[in-house]
Amino acid sequence: MAKVQKLTDNFGRQISYLRLAITDRCNFRCQYCMPAQGAEIVARKELLTYKEMYRIVRVLSELGVDKVRLTGGEPFVRKDFINFLESLAFNDKLKSINLTSNGVLVGQHIAKLETLGIKNINLSIDSLNREKFNKITRRQSFDVVYDTLQKLQKSRINLKLNVVVIPGVNTDEITDFINLTKNQDISVRFIEEMPFNGKGQRKTDKVWNSTVILDHIKSSFQDIEQLKHTKSSTSNNYKVKDYKGSFGVIPDFTRTICHDCNRIRITSTGLFKNCLFDGGVFNVRDFIRSGASDTDLKKLFIETIRKKPKNGFVAEAARDNFVSESMSTIGG
Ligand code: SAM
């Protein structure tokens with residue numbers, strides 16, 4: 001049997017995790033992600049087709065990628081997303097297919113997602129207060145999202161809550177989110193706000209980085225235990241002693257866990273990113289549409305990944321523009 005050619009970069013990091021954006025469209029307009037009128041969306045024909053996405057995942061899985069996260073935009077707003085998931089689930093080289101969603105359109109599909117073996121869903125919920133949540137998302141969907149949260153908790157799917165810490169907006173709720181973990185086996189992850197919002201770096205009175213977030217939690221809860229770091233985890237994880245659930249802090253903007261990174265990204269228009277902070281390395285969609293064979297694709301992936309930048313700061317410094325694109329166009 002032919003030896004599987006692994007995707008390893010010049011720093012010895014092995015790439016096994018793809019984040020694929022299903023679409024750039026979203027049914028929310030989160031304040032920290034895009035302007036009120038929404039991010040500029042591309043023409044439909046510029047989006048990768050499901051067939052192209054399927055092929056990209058298959059080729060990468062033949063090179064050792066065994067974990068895929070489908071994100072966006074909001075993956076569930078794209079027509080036939082469930083059918084795509086169904087076809088992807090046939091790829092037995094994938095150990096896990098995970099989703100990131102705002103939850104609005106998820107509720108009705110939970111049984112199907114369980115059947116398909118979807119392992120993990122990261123549900124974005126930045127406030128437990130209806131009014132505040134609706135203000136942040138610029139939509140009126142708190143009740144449906146909270147209902148999805150409760151349904152997912154009862155399902156076989158592993159649930160993580162994504163909370164972007166928005167200075168001066170939801171920082172007063174950090175302890176409320178931790179309290180959720182007291183009697184429920186739930187994982188809450190606090191994400192540093194980044195300038196991926198359509199405008200760029202926001203000025204705030206206080207910087208809420210992962211250290212500040214953790215110190216804030218420690219000042220309210222006495223016995224915090226650090227959990228063992230699983231390789232390539234995106235978060236540093238903790239629990240309050242005797243609480244059922246756990247919490248994590250994601251240093252996505254301070255970028256302290258790049259040394260362990262196993263991820264690549266492909267945007268909904270096929271832009272390949274070695275790092276969240278790079279400006280995109282090549283367009284897989286154009287390469288496929290110009291007639292590239294699987295061998296061509298593999299060669300390109302192997303060569304490009306070898307040059308993955310050491311960390312997010314190096315990646316950002318090499319860009320020819322400022323970080324300001326909306327996260328919905330990248331895939332979070
Ligand atoms: N629509 C889905 C959702 O809401 O989860 C998936 C896409 S969304 C871009 C993925 C994740 O990125 C969400 O958890 C979201 O909160 C996060 N995100 C978006 N913009 C961000 C920003 N500027 N800084 C930090 N996280 C951000």
# chains A, B, ... in the order shown; residues from 1 in each chain; ligands from 1
>>> residues_near_ligand(ligand="ligand 1", cutoff="6 Å", atoms="only C-alpha atoms and all ligand atoms", output="PyMOL selection string")
chain A and resi 32-33+71-74+100-102+123-124+162+164+191-197+327-328+331-332
>>> select_by_dssp(residues="stretch 108-264 of chain A", states="strand (DSSP E or B)", output="number ranges by chain")
A: 120-124, 158-165, 187-192, 224-226, 236-240, 246-250, 263-264
>>> residues_around(residues="stretch 288-295 of chain A", least_positions_apart="5", cutoff="10 Å", atoms="only C-alpha atoms", output="list in words")
Leu48, Glu52, Arg55, Ile56, Arg58, Val59, Leu60, Gly270, Asn283, Leu300 and Phe301 of chain A
>>> write_last_selection(atoms="N, CA and C atoms", output="PDB file, in the first residue's frame")
ATOM      1  N   LEU A  48     -17.108  28.114  -3.717  1.00  0.00           N
ATOM      2  CA  LEU A  48     -16.786  26.721  -4.057  1.00  0.00           C
ATOM      3  C   LEU A  48     -18.091  25.961  -4.169  1.00  0.00           C
ATOM      4  N   GLU A  52     -16.682  20.670  -5.464  1.00  0.00           N
ATOM      5  CA  GLU A  52     -15.289  21.113  -5.271  1.00  0.00           C
ATOM      6  C   GLU A  52     -14.854  20.926  -3.814  1.00  0.00           C
ATOM      7  N   ARG A  55     -14.190  17.350  -3.092  1.00  0.00           N
ATOM      8  CA  ARG A  55     -12.906  16.908  -3.671  1.00  0.00           C
ATOM      9  C   ARG A  55     -11.724  17.421  -2.847  1.00  0.00           C
ATOM     10  N   ILE A  56     -11.791  18.669  -2.446  1.00  0.00           N
ATOM     11  CA  ILE A  56     -10.698  19.245  -1.631  1.00  0.00           C
ATOM     12  C   ILE A  56     -10.520  18.434  -0.349  1.00  0.00           C
ATOM     13  N   ARG A  58     -11.483  15.370   0.217  1.00  0.00           N
ATOM     14  CA  ARG A  58     -11.000  14.010  -0.087  1.00  0.00           C
ATOM     15  C   ARG A  58      -9.485  14.013  -0.311  1.00  0.00           C
ATOM     16  N   VAL A  59      -9.018  14.961  -1.131  1.00  0.00           N
ATOM     17  CA  VAL A  59      -7.586  15.025  -1.434  1.00  0.00           C
ATOM     18  C   VAL A  59      -6.787  15.287  -0.153  1.00  0.00           C
ATOM     19  N   LEU A  60      -7.253  16.236   0.658  1.00  0.00           N
ATOM     20  CA  LEU A  60      -6.530  16.529   1.901  1.00  0.00           C
ATOM     21  C   LEU A  60      -6.567  15.344   2.854  1.00  0.00           C
ATOM     22  N   GLY A 270     -12.557  29.624  -1.859  1.00  0.00           N
ATOM     23  CA  GLY A 270     -11.442  28.744  -2.216  1.00  0.00           C
ATOM     24  C   GLY A 270     -10.064  29.271  -1.875  1.00  0.00           C
ATOM     25  N   ASN A 283      -5.479  30.293  -4.559  1.00  0.00           N
ATOM     26  CA  ASN A 283      -6.898  29.981  -4.660  1.00  0.00           C
ATOM     27  C   ASN A 283      -7.117  28.564  -5.218  1.00  0.00           C
ATOM     28  N   LEU A 300       0.611  20.866  -4.610  1.00  0.00           N
ATOM     29  CA  LEU A 300       0.469  22.255  -4.161  1.00  0.00           C
ATOM     30  C   LEU A 300       0.225  22.334  -2.650  1.00  0.00           C
ATOM     31  N   PHE A 301      -0.650  21.485  -2.149  1.00  0.00           N
ATOM     32  CA  PHE A 301      -0.911  21.492  -0.702  1.00  0.00           C
ATOM     33  C   PHE A 301       0.368  21.192   0.079  1.00  0.00           C
TER      34      PHE A 301
END
>>> closest_residue(among="A:Arg255, A:Asn179, A:Tyr243, A:Thr49", to="A:Thr211", atoms="only C-alpha atoms")
A:Arg255
>>> closest_atom_pairs(of="stretch 76-118 of chain A", to="stretch 61-67 of chain A", cutoff="8 Å", atoms="only C-alpha atoms", output="CSV")
residue,atom,partner,partner_atom,distance
A:Lys93,CA,A:Ser61,CA,6.0
A:Leu94,CA,A:Asp66,CA,4.2
A:Lys95,CA,A:Asp66,CA,5.2
A:Ser96,CA,A:Lys67,CA,5.0
A:Ile97,CA,A:Lys67,CA,6.0
A:Asn98,CA,A:Lys67,CA,7.7
>>> residues_around(residues="A:Ser219", least_positions_apart="6", cutoff="12 Å", atoms="only C-alpha atoms", output="PyMOL selection string")
chain A and resi 174-175+212-213
>>> residues_around(residues="stretch 128-134 of chain A", least_positions_apart="5", cutoff="9 Å", atoms="only C-alpha atoms", output="short mmCIF file (atom, residue, chain, number, x, y, z; two decimals) with N, CA, C and O atoms, in the first residue's frame")
data_model
loop_
_atom_site.label_atom_id
_atom_site.label_comp_id
_atom_site.auth_asym_id
_atom_site.auth_seq_id
_atom_site.Cartn_x
_atom_site.Cartn_y
_atom_site.Cartn_z
N ARG A 139 -30.03 40.88 15.36
CA ARG A 139 -31.19 40.06 14.97
C ARG A 139 -31.97 39.71 16.23
O ARG A 139 -31.46 39.91 17.33
N GLN A 140 -33.17 39.15 16.07
CA GLN A 140 -34.02 38.86 17.24
C GLN A 140 -34.10 37.35 17.46
O GLN A 140 -35.19 36.79 17.51
N SER A 141 -32.99 36.68 17.58
CA SER A 141 -33.03 35.21 17.56
C SER A 141 -32.58 34.54 18.85
O SER A 141 -32.28 33.35 18.86
N PHE A 142 -32.54 35.31 19.95
CA PHE A 142 -32.02 34.70 21.18
C PHE A 142 -32.81 33.43 21.55
O PHE A 142 -32.21 32.39 21.87
N ASP A 143 -34.14 33.52 21.49
CA ASP A 143 -34.95 32.38 21.98
C ASP A 143 -34.67 31.12 21.17
O ASP A 143 -34.53 30.04 21.74
N TYR A 146 -31.19 29.80 22.08
CA TYR A 146 -31.16 29.17 23.41
C TYR A 146 -31.87 27.82 23.38
O TYR A 146 -31.43 26.86 24.04
N VAL A 169 -19.17 45.18 26.68
CA VAL A 169 -20.49 44.71 26.22
C VAL A 169 -20.94 43.47 26.99
O VAL A 169 -22.02 43.45 27.58
N ASN A 170 -20.10 42.44 27.02
CA ASN A 170 -20.54 41.21 27.70
C ASN A 170 -19.55 40.73 28.77
O ASN A 170 -19.69 39.63 29.28
N GLU A 173 -20.76 39.37 31.93
CA GLU A 173 -21.45 38.06 31.91
C GLU A 173 -20.49 36.87 31.96
O GLU A 173 -20.94 35.73 31.91
N ASP A 176 -21.40 34.64 34.67
CA ASP A 176 -22.67 33.93 34.40
C ASP A 176 -22.42 32.71 33.53
O ASP A 176 -23.00 31.65 33.73
N PHE A 177 -21.54 32.89 32.55
CA PHE A 177 -21.22 31.74 31.68
C PHE A 177 -20.52 30.64 32.47
O PHE A 177 -20.78 29.47 32.28
#
>>> residues_around(residues="A:Pro167", least_positions_apart="4", cutoff="7 Å", atoms="only C-alpha atoms", output="ChimeraX atom specification")
/A:171,204,206,208
>>> write_last_selection(atoms="all heavy atoms", output="CSV table (one decimal), in the first residue's frame")
chain,number,residue,atom,x,y,z
A,171,THR,N,-18.6,41.6,29.1
A,171,THR,CA,-17.6,41.2,30.1
A,171,THR,C,-18.2,41.0,31.5
A,171,THR,O,-17.7,40.2,32.3
A,171,THR,CB,-16.4,42.2,30.2
A,171,THR,OG1,-17.0,43.5,30.1
A,171,THR,CG2,-15.5,42.1,29.0
A,204,THR,N,-10.7,50.3,22.5
A,204,THR,CA,-11.5,49.9,23.7
A,204,THR,C,-10.8,50.5,24.9
A,204,THR,O,-9.6,50.7,25.0
A,204,THR,CB,-11.7,48.4,23.8
A,204,THR,OG1,-10.4,47.8,23.9
A,204,THR,CG2,-12.5,47.8,22.7
A,206,LYS,N,-10.5,49.0,27.8
A,206,LYS,CA,-9.6,48.0,28.4
A,206,LYS,C,-9.4,46.9,27.4
A,206,LYS,O,-10.3,46.5,26.7
A,206,LYS,CB,-10.4,47.5,29.6
A,206,LYS,CG,-9.6,46.5,30.4
A,206,LYS,CD,-10.4,46.1,31.7
A,206,LYS,CE,-9.7,44.9,32.4
A,206,LYS,NZ,-10.5,44.4,33.5
A,208,TRP,N,-9.2,43.1,26.7
A,208,TRP,CA,-9.6,41.9,27.4
A,208,TRP,C,-8.9,40.7,26.7
A,208,TRP,O,-9.5,40.0,25.9
A,208,TRP,CB,-11.1,41.7,27.4
A,208,TRP,CG,-11.8,42.5,28.4
A,208,TRP,CD1,-12.1,43.8,28.4
A,208,TRP,CD2,-12.2,42.0,29.7
A,208,TRP,NE1,-12.7,44.2,29.6
A,208,TRP,CE2,-12.7,43.1,30.4
A,208,TRP,CE3,-12.1,40.8,30.4
A,208,TRP,CZ2,-13.2,43.0,31.7
A,208,TRP,CZ3,-12.6,40.7,31.7
A,208,TRP,CH2,-13.2,41.8,32.3
>>> atom_distance(atom1="atom CA of A:Thr234", atom2="atom CA of A:Asp24")
22.7 Å
